[in-house]
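S.K.: My file is upload.pdb. It has PDB, C-alpha atoms, pLDDT in the B column:
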MODEL        1
ATOM      1  CA  MET A   1      15.010  35.540 -83.840  1.00 75.00           C
ATOM      2  CA  SER A   2      11.219  35.307 -84.044  1.00 88.00           C
ATOM      3  CA  TRP A   3      10.824  37.384 -80.902  1.00 89.00           C
ATOM      4  CA  GLU A   4      13.114  40.004 -82.403  1.00 91.00           C
ATOM      5  CA  ALA A   5      11.221  39.916 -85.723  1.00 90.00           C
ATOM      6  CA  LEU A   6       7.968  40.637 -83.881  1.00 94.00           C
ATOM      7  CA  GLU A   7       9.545  43.511 -81.994  1.00 93.00           C
ATOM      8  CA  GLN A   8      11.024  44.976 -85.184  1.00 94.00           C
ATOM      9  CA  GLY A   9       7.549  44.761 -86.718  1.00 94.00           C
ATOM     10  CA  ASN A  10       6.232  46.894 -83.823  1.00 96.00           C
ATOM     11  CA  GLN A  11       4.422  43.914 -82.327  1.00 95.00           C
ATOM     12  CA  VAL A  12       4.541  43.127 -78.617  1.00 94.00           C
ATOM     13  CA  PRO A  13       5.095  39.344 -78.489  1.00 92.00           C
ATOM     14  CA  GLN A  14       3.204  38.971 -75.181  1.00 93.00           C
ATOM     15  CA  ASN A  15       0.101  40.501 -76.797  1.00 96.00           C
ATOM     16  CA  TRP A  16      -0.097  37.510 -79.153  1.00 96.00           C
ATOM     17  CA  LEU A  17      -0.013  34.852 -76.420  1.00 97.00           C
ATOM     18  CA  GLY A  18      -2.847  32.372 -77.060  1.00 97.00           C
ATOM     19  CA  LYS A  19      -3.773  34.059 -80.330  1.00 98.00           C
ATOM     20  CA  PRO A  20      -3.930  32.566 -83.847  1.00 98.00           C
ATOM     21  CA  VAL A  21      -0.407  33.328 -85.030  1.00 98.00           C
ATOM     22  CA  GLY A  22       0.883  31.078 -87.808  1.00 98.00           C
ATOM     23  CA  VAL A  23       4.453  29.816 -87.848  1.00 97.00           C
ATOM     24  CA  PHE A  24       5.900  28.677 -91.175  1.00 97.00           C
ATOM     25  CA  VAL A  25       9.506  27.505 -91.203  1.00 95.00           C
ATOM     26  CA  GLY A  26      11.481  26.497 -94.267  1.00 94.00           C
ATOM     27  CA  LEU A  27      14.180  23.958 -93.463  1.00 89.00           C
ATOM     28  CA  SER A  28      16.619  21.925 -95.467  1.00 84.00           C
ATOM     29  CA  SER A  29      19.799  19.994 -94.866  1.00 75.00           C
ATOM     30  CA  ASN A  30      20.703  17.999 -91.796  1.00 71.00           C
ATOM     31  CA  ASP A  31      24.424  18.679 -91.595  1.00 70.00           C
ATOM     32  CA  TYR A  32      24.232  19.738 -87.958  1.00 69.00           C
ATOM     33  CA  SER A  33      22.723  16.452 -86.810  1.00 71.00           C
ATOM     34  CA  GLN A  34      25.310  14.574 -88.886  1.00 74.00           C
ATOM     35  CA  ARG A  35      28.055  16.413 -87.036  1.00 75.00           C
ATOM     36  CA  LEU A  36      26.429  15.641 -83.666  1.00 78.00           C
ATOM     37  CA  LEU A  37      26.301  11.953 -84.550  1.00 78.00           C
ATOM     38  CA  SER A  38      30.048  11.948 -85.161  1.00 81.00           C
ATOM     39  CA  ARG A  39      30.660  12.715 -81.461  1.00 82.00           C
ATOM     40  CA  PRO A  40      31.463   9.942 -78.971  1.00 86.00           C
ATOM     41  CA  GLU A  41      28.470   7.819 -77.909  1.00 83.00           C
ATOM     42  CA  THR A  42      28.629   9.236 -74.391  1.00 85.00           C
ATOM     43  CA  ALA A  43      27.933  12.725 -75.801  1.00 81.00           C
ATOM     44  CA  ILE A  44      24.738  11.618 -77.586  1.00 80.00           C
ATOM     45  CA  ASP A  45      21.611  12.029 -75.480  1.00 82.00           C
ATOM     46  CA  ALA A  46      17.883  11.333 -75.769  1.00 77.00           C
ATOM     47  CA  TYR A  47      17.178  14.774 -77.221  1.00 76.00           C
ATOM     48  CA  LEU A  48      19.382  14.398 -80.289  1.00 76.00           C
ATOM     49  CA  ALA A  49      16.555  13.200 -82.542  1.00 73.00           C
ATOM     50  CA  THR A  50      13.805  15.598 -81.455  1.00 74.00           C
ATOM     51  CA  GLY A  51      16.224  18.489 -81.141  1.00 73.00           C
ATOM     52  CA  ASN A  52      17.232  18.129 -84.777  1.00 76.00           C
ATOM     53  CA  ALA A  53      14.025  16.888 -86.392  1.00 81.00           C
ATOM     54  CA  HIS A  54      12.725  19.335 -88.984  1.00 81.00           C
ATOM     55  CA  SER A  55       9.177  18.192 -88.293  1.00 83.00           C
ATOM     56  CA  VAL A  56       9.109  19.686 -84.795  1.00 87.00           C
ATOM     57  CA  ALA A  57      10.841  23.021 -85.448  1.00 87.00           C
ATOM     58  CA  ALA A  58       7.722  25.090 -86.157  1.00 92.00           C
ATOM     59  CA  GLY A  59       5.734  23.449 -83.362  1.00 93.00           C
ATOM     60  CA  ARG A  60       8.475  24.127 -80.852  1.00 91.00           C
ATOM     61  CA  LEU A  61       8.452  27.798 -81.827  1.00 92.00           C
ATOM     62  CA  SER A  62       4.642  28.011 -81.686  1.00 96.00           C
ATOM     63  CA  PHE A  63       4.544  26.319 -78.302  1.00 95.00           C
ATOM     64  CA  GLY A  64       7.376  28.404 -76.873  1.00 94.00           C
ATOM     65  CA  LEU A  65       5.698  31.674 -77.853  1.00 95.00           C
ATOM     66  CA  GLY A  66       2.169  30.515 -77.000  1.00 97.00           C
ATOM     67  CA  PHE A  67       0.750  30.769 -80.519  1.00 97.00           C
ATOM     68  CA  THR A  68      -2.321  28.785 -81.565  1.00 98.00           C
ATOM     69  CA  GLY A  69      -2.350  29.269 -85.350  1.00 98.00           C
ATOM     70  CA  PRO A  70      -1.123  26.883 -88.019  1.00 98.00           C
ATOM     71  CA  SER A  71       2.389  25.611 -87.468  1.00 97.00           C
ATOM     72  CA  LEU A  72       4.230  24.060 -90.372  1.00 96.00           C
ATOM     73  CA  ALA A  73       7.770  23.013 -91.251  1.00 94.00           C
ATOM     74  CA  VAL A  74       8.476  22.895 -94.988  1.00 94.00           C
ATOM     75  CA  ASP A  75      11.338  21.169 -96.786  1.00 92.00           C
ATOM     76  CA  THR A  76      11.364  21.826-100.517  1.00 92.00           C
ATOM     77  CA  ALA A  77      15.163  21.962-100.749  1.00 89.00           C
ATOM     78  CA  CYS A  78      16.433  25.323-102.018  1.00 89.00           C
ATOM     79  CA  SER A  79      12.973  26.912-102.130  1.00 93.00           C
ATOM     80  CA  SER A  80      11.980  26.078 -98.544  1.00 93.00           C
ATOM     81  CA  SER A  81      12.007  29.661 -97.253  1.00 93.00           C
ATOM     82  CA  LEU A  82      10.109  30.991-100.253  1.00 96.00           C
ATOM     83  CA  VAL A  83       7.461  28.276 -99.921  1.00 97.00           C
ATOM     84  CA  ALA A  84       7.146  29.044 -96.187  1.00 97.00           C
ATOM     85  CA  VAL A  85       6.470  32.714 -96.994  1.00 97.00           C
ATOM     86  CA  HIS A  86       3.957  31.710 -99.683  1.00 98.00           C
ATOM     87  CA  LEU A  87       2.092  29.424 -97.261  1.00 98.00           C
ATOM     88  CA  ALA A  88       2.078  32.149 -94.593  1.00 98.00           C
ATOM     89  CA  CYS A  89       0.515  34.603 -97.061  1.00 98.00           C
ATOM     90  CA  GLN A  90      -2.131  32.042 -98.048  1.00 98.00           C
ATOM     91  CA  SER A  91      -2.941  31.351 -94.409  1.00 98.00           C
ATOM     92  CA  LEU A  92      -3.388  35.061 -93.711  1.00 98.00           C
ATOM     93  CA  ARG A  93      -5.627  35.508 -96.766  1.00 98.00           C
ATOM     94  CA  GLN A  94      -7.783  32.536 -95.793  1.00 98.00           C
ATOM     95  CA  GLY A  95      -8.203  33.803 -92.237  1.00 98.00           C
ATOM     96  CA  GLU A  96      -6.436  30.837 -90.635  1.00 98.00           C
ATOM     97  CA  CYS A  97      -4.306  33.249 -88.618  1.00 98.00           C
ATOM     98  CA  GLU A  98      -4.211  36.935 -87.693  1.00 98.00           C
ATOM     99  CA  LEU A  99      -0.431  37.220 -87.861  1.00 98.00           C
ATOM    100  CA  ALA A 100       2.204  34.968 -89.403  1.00 97.00           C
ATOM    101  CA  ILE A 101       5.893  34.417 -88.866  1.00 96.00           C
ATOM    102  CA  ALA A 102       7.702  32.934 -91.838  1.00 96.00           C
ATOM    103  CA  GLY A 103      11.373  32.260 -92.280  1.00 91.00           C
ATOM    104  CA  GLY A 104      13.992  29.766 -93.122  1.00 88.00           C
ATOM    105  CA  GLN A 105      17.031  28.014 -91.802  1.00 80.00           C
ATOM    106  CA  SER A 106      19.809  26.042 -93.334  1.00 71.00           C
ATOM    107  CA  SER A 107      21.982  23.989 -91.065  1.00 60.00           C
ATOM    108  CA  ALA A 108      24.616  23.483 -93.726  1.00 55.00           C
ATOM    109  CA  LEU A 109      28.065  23.566 -92.175  1.00 50.00           C
ATOM    110  CA  PRO A 110      31.275  24.259 -94.064  1.00 48.00           C
ATOM    111  CA  ARG A 111      33.052  21.153 -95.238  1.00 49.00           C
ATOM    112  CA  VAL A 112      36.416  20.586 -93.565  1.00 46.00           C
TER     113      VAL A 112
ENDMDL
END
Just give me the structure of the file as structure tokens.
M.R.:
Amino acid sequence: MSWEALEQGNQVPQNWLGKPVGVFVGLSSNDYSQRLLSRPETAIDAYLATGNAHSVAAGRLSFGLGFTGPSLAVDTACSSSLVAVHLACQSLRQGECELAIAGGQSSALPRV
């Protein structure tokens, strides 16, 4: 989605490789990891924890796209996405990054 957001903003993602692009991700809820833990033990692997940890989400995106700016995951419950956008704007104003990607994710799954 971040790659697509850059393209829709008329930015060529490859042009930002190694540049100070900030990544600010608002996250809340851990329903997905709860569901994964309900699987049989043989289906749980070593990547379950890091693959679902909120703390690594922004860094994984920054690393994957080759960005060198600030990278931050934010969990303020319902306001996580809004706070991520606010922090991205502050970072741009303060010159910490030249471009910022800000967004949010909720892994809440429907209750069955």
S.K.: Mind running segment 46-67 of chain A against segment 23-27 of chain A at 8 Å and telling me each contacting residue's nearest atom pair with the distance in Å (one decimal), counting only C-alpha atoms, chain and number ascending, as CSV?
M.R.:
residue,atom,partner,partner_atom,distance
A:His54,CA,A:Leu27,CA,6.6
A:Ala57,CA,A:Val25,CA,7.4
A:Ala58,CA,A:Val25,CA,5.9
A:Gly59,CA,A:Val23,CA,7.9
A:Leu61,CA,A:Val23,CA,7.5
A:Ser62,CA,A:Val23,CA,6.4
S.K.: Can you give me, as a PyMOL selection string, the residues this file yields under the PyMOL selection byres ((chain A and resi 21) around 6)?
M.R.: chain A and resi 19-20+22+67+69+97-100
S.K.: Go through A:Ala102, A:Met1, A:Gly95, A:Thr42 and flag the residue nearest Ser71 of chain A, using all atoms listed in the file for the distances.
M.R.: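 Nearest to Ser71 of chain A: A:Ala102.
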S.K.: I need the residue set behind the PyMOL selection byres ((chain A and resi 47-51) around 12) for this file; please write it as a ChimeraX atom specification.
M.R.: /A:30,32-39,41,43-46,52-60
S.K.: For atom CA of Gly9 of chain A and atom CA of Ser79 of chain A, quote the distance in Å rounded to one decimal.
M.R.: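 Atom CA of Ser79 of chain A lies at a distance of 24.2 Å from atom CA of Gly9 of chain A.
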S.K.: Between A:Ser81, A:Asn10, A:Ser29, A:Asn15, which one has atoms that come closest to Gly66 of chain A, using only C-alpha atoms?
M.R.: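 Answer, going by the shortest atom-to-atom distance: A:Asn15.
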S.K.: Can you sort out the box for segment 47-61 of chain A, edges along x, y and z, all listed atoms in, 8 Å on every side, with centre and edge lengths in Å to one decimal, as JSON?
M.R.:
{"center_x": 12.6, "center_y": 20.5, "center_z": -83.1, "size_x": 29.6, "size_y": 30.6, "size_z": 27.8}
